[in-house]
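Take a look at the structure below.
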Amino acid sequence: MDNEEMTLFRDMTRRALEHEIAPHIETWEEQHIVPRSLWNKLGEAGLLCPDLPEAYGAAETSPQVTFSVIEELSHMGFGGIATGYSIHSNIVAPYIEHFGTEEQKQQWLHKMVAGEALGALAMTEPGAGSDVQSIRTNAVQDGDEWILNGSKIFITNGMLADLVIVAAITDPGKGAKGTSLFLVDTTLPGFDRGKKIEKLGQHTSDTAELFFQDMRLPANALLGELNKGFVIMMKELPRERLGIAAQAIAAAEGAMEITIDYVKERKAFGQTVASFQNTRFTLADVKTDIAVNRAFYEKCADAYTREELTSEDAAMLKYASTEMQCKTIDQCLQLFGGYGYTIEYPISRYYADARIQRIYGGTSEIMRELVARSILGR
Ligand SMILES: Cc1cc2nc3c(=O)[nH]c(=O)nc-3n(C[C@H](O)[C@H](O)[C@H](O)COP(=O)(O)OP(=O)(O)OC[C@H]3O[C@@H](n4cnc5c(N)ncnc54)[C@H](O)[C@@H]3O)c2cc1C
C-alpha cells in the first residue's frame with residue numbers, strides 16, 4: 001500500500017469502527033464483554049488479519065496495515081477491543097502463518113479472516129507469568145493423539161475464543177527446551193472456561209481462566225516442531241510488543257485530542273483552562289513525549305516489515321511507549337479535573353485501559369531486564 005492507499009484504508013477503518021463500535025461502546029463496557037458477532041462484522045468489513053496471504057481470503061497487505069487498525073481502535077478509546085483484535089490478528093494469525101502446516105492454515109486462517117474463528121494465546125498460568133518457563137500444563141502423546149491437562153489464567157478473548165494456542169510441557173524437566181505449542185479447538189471435549197475475570201479497565205476485552213482436562217487433541221494440533229514452543233514464542237514476541245506500542249501511542253494521541261478540546265471549552269477563574277501556563281506546558285510535554293515515542297515506533301515498525309526488528313529494540317519500545325502512555329494520559333486526565341474521574345468522560349476509560357499495558361506482553365521490569373542484558377549480558 002502506498003501512502004494514499006493507506007490514508008483511504010484508515011478512513012474506511014474509522015468509518016467502520018464508528019458504525020460498528022462507537023454507538024455500543026458504553027453498553028459493552030457495562031456488560032464487560034463484546035457480542036461475539038462483532039468479530040464477524042469486523043471480518044466482513046475486511047479488518048481482521050489483513051496482512052495474511054490472499055490464499056486465505058485476506059488482503060495480503062504489509063503488517064503495517066494490521067498495526068493501523070490497532071491504532072485506530074486505540075485512538076478512538078476502544079482499548080479493550082484493540083487488545084482482543086491484536087491477539088487475534090497480530091499474534092495468533094501470524095503464529096499460524098509462520099509456523100503452521102498447510103493443513104493447519106487451511107483449517108484456521110480462512111475462518112480467522114472472516115471472524116468465524118476467534119483466536120486466543122494461552123501462556124500464563126497461576127504459577128507462571130513473567131517466568132513462563134515454569135508452566136505446568138502438559139501434553140502427553142497417546143498413539144496418534146495428544147492428551148492435554150492443566151489450566152491457564154488471564155487469557156484475552158478466553159470467553160469467546162474458538163481457537164486457543166496453548167503452551168504445554170511435552171518433555172518434562174527440560175524447561176524451555178521441553179515446551180510445545182498446540183492449536184486447541186475449543187469445541188473439543190475436555191475444554192472448559194472459568195468465569196470471566198473482572199478487571200480495572202479494558203472491560204470490552206474478556207479475560208478468562210481456561211481448563212484442560214484429559215483433552216484429546218489430534219496429532220495435527222501440534223504447532224511447529226515438537227519442543228520448539230519457546231523458539232516460536234521468542235520469534236513472535238517482537239511483533240506482539242510492536243502491537244502493544246501501537247496501542248500505547250495511538251491511545252495517548254486520542255487522549256491528547258479530547259483533552260485539547262476540553263481545556264478550550266472549560267472555564268475557571270473567568271478564563272479557559274487552556275489559557276493557564278500549566279495547561280500549555282503540560283500539553284507541550286504530552287505532545288513531545290508522544291512524538292518521540294512515535295518516531296521510535298515508526299522506525300521499529302519499518303524494521304519489522306524488513307524482518308530486521310531486534311528483540312532489544314522491541315523491548316525498549318514496549319517499555320518506553322507504555323510508560324509514556326500511562327504518564328501522558330494521567331497528565332491529560334488531571335486537566336479534566338473531577339469530570340476526568342467520571343465514567344461519563346471517555347478520558348477515564350483511556351486512563352483505566354492504559355494501566356495493563358505496562359504488565360501484559362512482558363512487564364516493564366522484564367523489558368528493562370531484557371534491555372540490560374543486551375548491554376551487560378546475563
Ligand atoms: C488483562 C490481562 C490480559 C492478559 N492477556 C494474556 C493473554 O492473552 N495470554 C497470556 O498468556 N497471558 C496474558 N496475561 C498475563 C500477563 O502476560 C501476565 O500477567 C504478565 O506476564 C505478568 O505475570 P504475572 O501476572 O504472573 O506477574 P509476576 O510474574 O508474578 O510478576 C509480579 C511482579 O514481579 C516482577 N518481576 C517478575 N520477575 C521479575 C524479574 N526477573 N526481575 C524483576 N522483576 C520481576 C514483575 O515485573 C511484577 O512487577 C494477561 C494479563 C492481564 C491482566
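Note on naming: chains are A, B, ... as they come in the C-alpha cells, residues start from 1 per chain, ligands start from 1 in the order shown.
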Residues contacting ligand 1 - anything with an atom at most 9 Å away, using only C-alpha atoms and all ligand atoms - can you give me those as a PyMOL selection string? chain A and resi 80+83-84+87+120-132+152-158+166-167+197-203+205-208+356-369
With distances taken over only C-alpha atoms, which residue among A:Gln133, A:Leu8, A:Phe191, A:Met112 lies nearest Lys174 (chain A)?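 Going through A:Gln133, A:Leu8, A:Phe191, A:Met112 one by one, the smallest distance to Lys174 (chain A) is for A:Gln133.
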Taking the backbone alone, and naming residues the way the document does, which bits of region 119-300 of chain A are strand (DSSP E or B) by DSSP, as number ranges by chain? A: 119-122, 125, 128, 138-142, 145-156, 163-169, 179-185, 191-196, 207-217, 222-223, 267-268, 271-272
Using only C-alpha atoms: which of A:Gln325, A:Gln247, A:Gln331, A:Thr27 has the shortest distance to Ser68 (chain A):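 The closest residue to Ser68 (chain A) is A:Gln247.
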Polymer residues at most 12 Å from region 14-19 of chain A, only C-alpha atoms, same-chain spacing of 3 or more positions, as an NGL selection string: :A and (7-11 or 22-25 or 38-39 or 41-47 or 68-78 or 81-82)
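Among the candidates A:Ile244, A:Phe212, A:Val263, A:Gly143, the one nearest to Asn278 (chain A) when counting only C-alpha atoms is A:Val263.
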Fewer than 6 positions away in the same chain doesn't count, so skip those; otherwise give me all residues within 10 Å of Asp171 (chain A), counting only C-alpha atoms, as a ChimeraX atom specification. /A:138-140,177-180,226-227
Restrict the selected residues to N, CA, C and O atoms and save them as a CSV table (one decimal), in the first residue's frame.
chain,number,residue,atom,x,y,z
A,138,ASN,N,0.5,-29.7,30.6
A,138,ASN,CA,1.3,-30.7,29.9
A,138,ASN,C,0.5,-31.4,28.9
A,138,ASN,O,-0.7,-31.6,29.0
A,139,ALA,N,1.2,-31.9,27.8
A,139,ALA,CA,0.6,-32.7,26.8
A,139,ALA,C,1.4,-34.0,26.6
A,139,ALA,O,2.7,-34.0,26.5
A,140,VAL,N,0.7,-35.1,26.7
A,140,VAL,CA,1.4,-36.4,26.6
A,140,VAL,C,0.8,-37.1,25.4
A,140,VAL,O,-0.4,-37.1,25.1
A,177,LYS,N,13.2,-25.9,26.8
A,177,LYS,CA,13.5,-26.9,25.6
A,177,LYS,C,12.5,-28.0,25.6
A,177,LYS,O,12.7,-28.9,24.7
A,178,GLY,N,11.6,-28.1,26.6
A,178,GLY,CA,10.6,-29.2,26.5
A,178,GLY,C,9.2,-28.7,26.4
A,178,GLY,O,8.3,-29.3,26.9
A,179,THR,N,9.1,-27.5,25.8
A,179,THR,CA,7.7,-26.8,25.7
A,179,THR,C,7.3,-26.8,24.2
A,179,THR,O,8.1,-26.5,23.3
A,180,SER,N,6.0,-27.1,24.0
A,180,SER,CA,5.5,-27.1,22.6
A,180,SER,C,4.2,-26.3,22.6
A,180,SER,O,3.6,-26.0,23.7
A,226,LEU,N,8.0,-30.1,17.6
A,226,LEU,CA,7.9,-30.6,19.0
A,226,LEU,C,9.1,-30.0,19.8
A,226,LEU,O,10.2,-29.9,19.4
A,227,ASN,N,8.7,-29.5,21.0
A,227,ASN,CA,9.7,-28.9,21.9
A,227,ASN,C,10.3,-27.6,21.5
A,227,ASN,O,11.3,-27.2,22.0
When you look at Pro189 (chain A) with a cut-off of 12 Å (counting only C-alpha atoms), what residues show up, excluding the ones that are within fewer than 2 positions of it in the same chain? I need them as an NGL selection string. :A and (147-148 or 184-187 or 191-193 or 211-217)
Those in region 61-288 of chain A with helix (DSSP H, G or I) from DSSP, as a PyMOL selection string: chain A and resi 63-75+79-99+102-114+132-134+175-178+219-221+229-265+273-275+277-288
Put those residues in a file: C-alpha atoms, as a compact mmCIF listing (two decimals), in the first residue's frame.
# COMPACT_ATOMS: atom_id res chain seq x y z
CA PRO A 63 1.81 -5.83 8.62
CA GLN A 64 1.66 -2.03 8.92
CA VAL A 65 -1.98 -2.23 7.85
CA THR A 66 -2.79 -4.53 10.77
CA PHE A 67 -0.94 -2.10 13.07
CA SER A 68 -3.04 0.73 11.62
CA VAL A 69 -6.30 -0.99 12.67
CA ILE A 70 -4.86 -1.44 16.18
CA GLU A 71 -4.03 2.26 16.16
CA GLU A 72 -7.49 3.36 15.03
CA LEU A 73 -9.19 1.26 17.72
CA SER A 74 -6.85 2.64 20.38
CA HIS A 75 -7.09 6.23 19.17
CA GLY A 79 -8.63 -0.08 24.34
CA GLY A 80 -10.18 -3.41 25.30
CA ILE A 81 -11.26 -4.20 21.76
CA ALA A 82 -7.82 -3.15 20.49
CA THR A 83 -6.27 -5.80 22.76
CA GLY A 84 -8.67 -8.53 21.60
CA TYR A 85 -8.07 -7.52 17.99
CA SER A 86 -4.33 -7.54 18.46
CA ILE A 87 -4.32 -11.01 20.00
CA HIS A 88 -6.38 -12.33 17.08
CA SER A 89 -4.88 -10.51 14.08
CA ASN A 90 -1.42 -9.57 15.27
CA ILE A 91 -0.44 -12.62 17.32
CA VAL A 92 -2.47 -15.79 16.76
CA ALA A 93 -2.79 -15.42 12.95
CA PRO A 94 0.95 -14.74 12.41
CA TYR A 95 1.88 -17.71 14.66
CA ILE A 96 -0.12 -19.99 12.36
CA GLU A 97 1.03 -18.28 9.17
CA HIS A 98 4.69 -18.54 10.15
CA PHE A 99 4.76 -21.95 11.83
CA GLU A 102 -0.67 -26.00 5.09
CA GLU A 103 -3.39 -28.21 6.58
CA GLN A 104 -3.47 -26.09 9.77
CA LYS A 105 -3.53 -22.87 7.76
CA GLN A 106 -6.43 -24.16 5.65
CA GLN A 107 -8.25 -25.24 8.79
CA TRP A 108 -7.98 -21.92 10.66
CA LEU A 109 -6.86 -18.92 8.64
CA HIS A 110 -9.91 -18.51 6.36
CA LYS A 111 -12.12 -18.62 9.42
CA MET A 112 -9.95 -16.14 11.29
CA VAL A 113 -10.08 -13.64 8.41
CA ALA A 114 -13.88 -13.97 8.29
CA VAL A 132 6.79 -18.57 31.59
CA GLN A 133 9.30 -21.40 31.75
CA SER A 134 7.60 -22.63 34.94
CA GLY A 175 12.04 -26.25 30.83
CA ALA A 176 12.02 -24.06 27.74
CA LYS A 177 13.50 -26.86 25.65
CA GLY A 178 10.63 -29.18 26.54
CA ALA A 219 -1.76 -35.21 16.05
CA ASN A 220 -2.06 -32.18 13.77
CA ALA A 221 -2.80 -29.90 16.74
CA GLY A 229 7.48 -23.74 21.56
CA PHE A 230 9.86 -21.24 23.14
CA VAL A 231 11.78 -20.68 19.95
CA ILE A 232 8.49 -19.79 18.24
CA MET A 233 7.40 -17.51 21.09
CA MET A 234 10.74 -15.68 21.03
CA LYS A 235 10.44 -15.15 17.27
CA GLU A 236 6.91 -13.74 17.56
CA LEU A 237 7.37 -11.58 20.66
CA PRO A 238 8.79 -8.51 18.83
CA ARG A 239 5.60 -8.31 16.76
CA GLU A 240 3.42 -8.68 19.86
CA ARG A 241 5.35 -5.83 21.53
CA LEU A 242 5.10 -3.67 18.43
CA GLY A 243 1.31 -4.11 18.56
CA ILE A 244 1.24 -3.07 22.22
CA ALA A 245 3.32 0.01 21.34
CA ALA A 246 0.88 0.86 18.52
CA GLN A 247 -1.92 0.73 21.11
CA ALA A 248 0.08 2.89 23.55
CA ILE A 249 0.96 5.66 21.14
CA ALA A 250 -2.40 5.89 19.39
CA ALA A 251 -4.29 5.85 22.70
CA ALA A 252 -2.08 8.66 24.03
CA GLU A 253 -2.75 10.65 20.85
CA GLY A 254 -6.50 10.08 21.14
CA ALA A 255 -6.45 11.14 24.80
CA MET A 256 -4.48 14.26 23.98
CA GLU A 257 -7.00 15.28 21.30
CA ILE A 258 -10.03 15.05 23.57
CA THR A 259 -8.09 16.91 26.27
CA ILE A 260 -7.28 19.77 23.89
CA ASP A 261 -10.99 20.10 23.05
CA TYR A 262 -11.94 20.05 26.73
CA VAL A 263 -9.47 22.66 28.01
CA LYS A 264 -10.51 25.08 25.27
CA GLU A 265 -14.12 24.89 26.48
CA VAL A 273 -8.32 26.11 31.35
CA ALA A 274 -6.29 26.19 28.11
CA SER A 275 -5.05 29.66 28.95
CA GLN A 277 0.51 28.26 31.64
CA ASN A 278 0.41 24.92 33.47
CA THR A 279 -2.06 23.57 30.90
CA ARG A 280 0.01 24.87 27.98
CA PHE A 281 3.23 23.36 29.32
CA THR A 282 1.52 20.08 30.24
CA LEU A 283 0.17 19.69 26.73
CA ALA A 284 3.56 20.63 25.29
CA ASP A 285 5.13 17.87 27.39
CA VAL A 286 2.46 15.36 26.36
CA LYS A 287 2.86 16.15 22.67
CA THR A 288 6.65 15.93 22.89
When you count only C-alpha atoms, which of these residues is closest to Asp2 (chain A): A:Ser62, A:Leu317, A:Ser37, A:Arg349? A:Ser62
Work out how far apart CA of Trp28 (chain A) and CA of Met324 (chain A) are and give it in Å to one decimal.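 These two atoms are separated by 27.2 Å.
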For a quick check of understanding, using only C-alpha atoms, which of A:Leu222, A:Val292, A:Ile135, A:Met159 has the smallest distance to Pro172 (chain A)? A:Ile135
CA of Glu312 (chain A) and CA of Ala354 (chain A) are how many Å apart? 22.5 Å
